[in-house]
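Asker: What follows is the file query-v6.txt, containing compact mmCIF, C-alpha atoms:
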```
# COMPACT_ATOMS: atom_id res chain seq x y z
CA MET Y 1 21.57 -2.27 26.66
CA THR Y 2 23.11 0.46 24.53
CA ASN Y 3 26.10 -0.24 22.31
CA GLN Y 4 28.33 1.66 24.71
CA ASN Y 5 27.15 -0.28 27.78
CA ALA Y 6 27.39 -3.58 25.91
CA LEU Y 7 30.99 -2.92 24.93
CA ARG Y 8 31.79 -1.85 28.48
CA GLN Y 9 30.45 -5.22 29.63
CA VAL Y 10 32.66 -7.02 27.09
CA PHE Y 11 35.74 -5.10 28.26
CA LEU Y 12 34.90 -5.61 31.94
CA ASN Y 13 34.37 -9.36 31.58
CA LEU Y 14 37.54 -9.95 29.55
CA ILE Y 15 39.71 -7.76 31.78
CA THR Y 16 38.31 -9.40 34.94
CA ASN Y 17 39.07 -12.86 33.56
CA ALA Y 18 42.59 -11.81 32.59
CA VAL Y 19 43.33 -10.38 36.03
CA GLN Y 20 41.99 -13.54 37.70
CA ALA Y 21 44.21 -15.65 35.43
CA MET Y 22 47.29 -13.82 36.73
CA PRO Y 23 47.15 -14.24 40.54
CA GLN Y 24 50.91 -13.66 40.84
CA GLY Y 25 50.81 -10.66 38.51
CA GLY Y 26 51.53 -10.49 34.83
CA GLU Y 27 50.85 -8.41 31.78
CA LEU Y 28 47.55 -7.56 30.13
CA ARG Y 29 47.79 -5.95 26.71
CA LEU Y 30 44.96 -4.34 24.81
CA ARG Y 31 45.45 -3.50 21.14
CA THR Y 32 43.01 -1.99 18.70
CA GLN Y 33 43.19 -1.39 14.99
CA ARG Y 34 41.03 -1.00 11.92
CA ASN Y 35 41.81 -3.59 9.28
CA ALA Y 36 41.57 -3.48 5.48
CA THR Y 37 38.08 -5.00 5.52
CA LYS Y 38 36.81 -2.02 7.51
CA HIS Y 39 36.46 -3.92 10.73
CA VAL Y 40 37.66 -2.86 14.15
CA LEU Y 41 39.95 -5.41 15.79
CA ILE Y 42 40.28 -5.51 19.56
CA GLU Y 43 42.84 -7.85 21.07
CA PHE Y 44 43.10 -8.76 24.76
CA SER Y 45 46.28 -10.70 25.62
CA ASP Y 46 47.38 -11.81 29.06
CA THR Y 47 50.32 -13.72 30.46
CA GLY Y 48 48.15 -15.76 32.79
CA VAL Y 49 47.74 -19.46 33.44
CA GLY Y 50 46.08 -20.14 30.09
CA ILE Y 51 43.07 -22.28 29.23
CA PRO Y 52 43.46 -26.03 28.76
CA GLU Y 53 43.00 -26.96 25.11
CA HIS Y 54 40.16 -29.37 25.89
CA HIS Y 55 38.16 -26.45 27.38
CA LEU Y 56 38.54 -24.04 24.44
CA ASN Y 57 35.43 -25.28 22.62
CA SER Y 58 33.29 -24.83 25.75
CA ILE Y 59 34.33 -21.48 27.19
CA PHE Y 60 31.54 -19.51 25.50
CA ASN Y 61 28.83 -21.92 26.71
CA PRO Y 62 26.53 -20.56 29.44
CA PHE Y 63 27.49 -21.72 32.94
CA PHE Y 64 30.80 -23.25 31.83
CA THR Y 65 33.51 -22.45 34.34
CA THR Y 66 36.83 -23.86 35.44
CA LYS Y 67 36.72 -21.90 38.69
CA GLU Y 68 36.03 -23.32 42.12
CA PRO Y 69 32.39 -23.34 43.31
CA GLY Y 70 31.37 -19.87 44.42
CA GLN Y 71 34.15 -18.21 42.41
CA GLY Y 72 32.22 -17.58 39.21
CA THR Y 73 28.92 -18.21 37.47
CA GLY Y 74 30.26 -19.25 34.10
CA LEU Y 75 28.29 -16.48 32.39
CA GLY Y 76 31.01 -13.90 31.67
CA LEU Y 77 32.34 -15.29 28.40
CA SER Y 78 28.88 -16.40 27.31
CA VAL Y 79 27.68 -12.80 27.71
CA VAL Y 80 30.75 -11.53 25.83
CA HIS Y 81 30.07 -13.94 22.96
CA SER Y 82 26.37 -12.97 22.79
CA ILE Y 83 27.13 -9.25 22.72
CA ILE Y 84 29.75 -9.60 19.98
CA LYS Y 85 27.40 -11.73 17.86
CA ARG Y 86 24.55 -9.24 18.40
CA TYR Y 87 26.70 -6.59 16.71
CA GLN Y 88 27.61 -8.91 13.78
CA GLY Y 89 31.07 -9.47 15.17
CA ASN Y 90 33.30 -12.43 15.83
CA ILE Y 91 35.42 -13.48 18.80
CA THR Y 92 38.18 -16.06 18.79
CA VAL Y 93 40.55 -17.32 21.46
CA GLN Y 94 44.06 -18.72 21.49
CA SER Y 95 45.61 -20.03 24.66
CA LYS Y 96 48.67 -21.91 25.86
CA LEU Y 97 48.92 -23.32 29.37
CA ASN Y 98 51.22 -21.27 31.59
CA LEU Y 99 51.86 -18.78 28.76
CA GLY Y 100 48.60 -16.88 28.47
CA THR Y 101 45.47 -16.26 26.49
CA THR Y 102 44.50 -13.94 23.65
CA PHE Y 103 40.94 -13.01 22.73
CA LEU Y 104 40.51 -11.33 19.35
CA ILE Y 105 37.29 -9.46 18.65
CA GLU Y 106 36.34 -8.29 15.17
CA LEU Y 107 33.46 -5.83 14.83
CA PRO Y 108 32.11 -3.98 11.81
CA CYS Y 109 33.30 -0.39 11.82
CA PRO Y 110 30.33 1.99 12.03
CA CYS Y 111 32.09 4.27 9.54
CA ALA Y 112 32.15 1.44 6.96
CA THR Y 113 28.40 1.39 6.39
CA GLY Y 114 28.47 4.29 3.97
CA LYS Y 115 25.77 6.05 5.97
CA ARG Y 116 26.31 9.24 7.87
CA ARG Y 117 25.55 8.88 11.53
CA LYS Y 118 24.86 11.45 14.14
CA ASP Y 119 27.77 12.00 16.52
CA LYS Y 120 25.80 10.49 19.38
CA GLN Y 121 25.12 7.27 17.49
CA ALA Y 122 28.74 6.86 16.42
CA ALA Y 123 29.93 7.59 19.95
CA GLU Y 124 27.82 4.74 21.29
CA LEU Y 125 30.21 2.23 19.73
CA ARG Y 126 33.17 3.58 21.66
CA PRO Y 127 34.02 1.74 24.90
```
Let me see the file written as structure tokens.
Answerer:
Amino acid sequence: MTNQNALRQVFLNLITNAVQAMPQGGELRLRTQRNATKHVLIEFSDTGVGIPEHHLNSIFNPFFTTKEPGQGTGLGLSVVHSIIKRYQGNITVQSKLNLGTTFLIELPCPCATGKRRKDKQAAELRP
């Protein structure tokens, strides 16, 4: 999987989960920035149902799901976590029941390596 396809998968999984967490509608915000440590920060925040606190330590485990049988495989967040780790990144989650959930992804900025990259290689990191 190329960098570009991997990041698309991350975005797709997180956006899908956010939409499913807001069955009556709500707001999904996506923010990006480059921080002082030359990392790219990507924040996904929704106003959905939230994740119970006792589930927060398990959500990145393969096959963990809070959905009804047949509604999900429990692989989406596990795949997201694996992809982010593969690119030396980090993902954290904060959630409050009935208020929403925020996932924060931190990835090394390709421009921070000090090496010149071909345009094609640099473009692969863009979602």
Asker: Would you please work out which residue, of Y:Ala18, Y:Leu75, Y:Cys109, Y:Ala36, is nearest to Gln88 in chain Y when using all atoms listed in the file?
Answerer: Y:Cys109
Asker: What lies within 9 Å of Val79 in chain Y using all atoms listed in the file, ignoring chain neighbours under 2 positions off, as number ranges by chain?
Answerer: Y: 9-10, 13, 60, 62, 75-77, 81-84
Asker: Can you pull out every residue within 9 Å of Thr92 in chain Y, counting all atoms listed in the file, but drop anything in the same chain fewer than 4 positions away, and send it as a PyMOL selection string?
Answerer: chain Y and resi 102-106
Asker: In terms of the shortest atom-to-atom distance over all atoms listed in the file, which of Y:Thr37, Y:Thr73, Y:Asn5, Y:Thr47 is closest to Gly25 in chain Y?
Answerer: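 That would be Y:Thr47, the residue with the smallest distance to Gly25 in chain Y.
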Asker: For Gly48 in chain Y, find every residue with an atom within 8 Å (counting all atoms listed in the file), except residues of its own chain fewer than 6 positions away, and show them as a PDB file with C-alpha atoms, keeping the file's coordinate frame.
Answerer:
```pdb
ATOM      1  CA  ALA Y  18      42.590 -11.810  32.590  1.00  0.00           C
ATOM      2  CA  VAL Y  19      43.330 -10.380  36.030  1.00  0.00           C
ATOM      3  CA  ALA Y  21      44.210 -15.650  35.430  1.00  0.00           C
ATOM      4  CA  MET Y  22      47.290 -13.820  36.730  1.00  0.00           C
ATOM      5  CA  PRO Y  23      47.150 -14.240  40.540  1.00  0.00           C
ATOM      6  CA  GLY Y  26      51.530 -10.490  34.830  1.00  0.00           C
ATOM      7  CA  GLU Y  27      50.850  -8.410  31.780  1.00  0.00           C
ATOM      8  CA  ASN Y  98      51.220 -21.270  31.590  1.00  0.00           C
ATOM      9  CA  LEU Y  99      51.860 -18.780  28.760  1.00  0.00           C
ATOM     10  CA  GLY Y 100      48.600 -16.880  28.470  1.00  0.00           C
ATOM     11  CA  THR Y 101      45.470 -16.260  26.490  1.00  0.00           C
TER      12      THR Y 101
END
```
Asker: Enter the distance from CA of Pro110 in chain Y to CA of Asn61 in chain Y, in Å, rounded to one decimal.
Answerer: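 Value for the CA of Pro110 in chain Y-CA of Asn61 in chain Y distance: 28.1 Å.
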Asker: Could you tell me how far CA of Lys67 in chain Y sits from CA of Gln94 in chain Y, in Å to one decimal place?
Answerer: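 Between CA of Gln94 in chain Y and CA of Lys67 in chain Y the gap is 19.0 Å.
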Asker: Quick one: distance from CA of Phe63 in chain Y to CA of Ser78 in chain Y in Å, one decimal?
Answerer: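 Result for CA of Phe63 in chain Y versus CA of Ser78 in chain Y: 7.9 Å, one decimal.
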Asker: If the box runs along x, y and z of the file and leaves 6 Å on each side of range 77-82 of chain Y, what are its centre and edge lengths in Å, one decimal, as lines of an AutoDock Vina configuration file?
Answerer:
```
center_x = 29.4
center_y = -14.0
center_z = 25.6
size_x = 18.0
size_y = 16.9
size_z = 17.6
```
Asker: Restricting the calculation to only C-alpha atoms: of Y:Gln71, Y:Leu7, Y:Gly89, Y:Cys111, which residue gets closest to Leu41 in chain Y?
Answerer: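 Going through Y:Gln71, Y:Leu7, Y:Gly89, Y:Cys111 one by one, the smallest distance to Leu41 in chain Y is for Y:Gly89.
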Asker: Check the smallest atom-to-atom distance from each of Y:Leu56, Y:Pro69, Y:Phe44, Y:Pro108 to Phe11 in chain Y using all atoms listed in the file, then report the winner.
Answerer: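 For Phe11 in chain Y, the nearest of the given residues is Y:Phe44.
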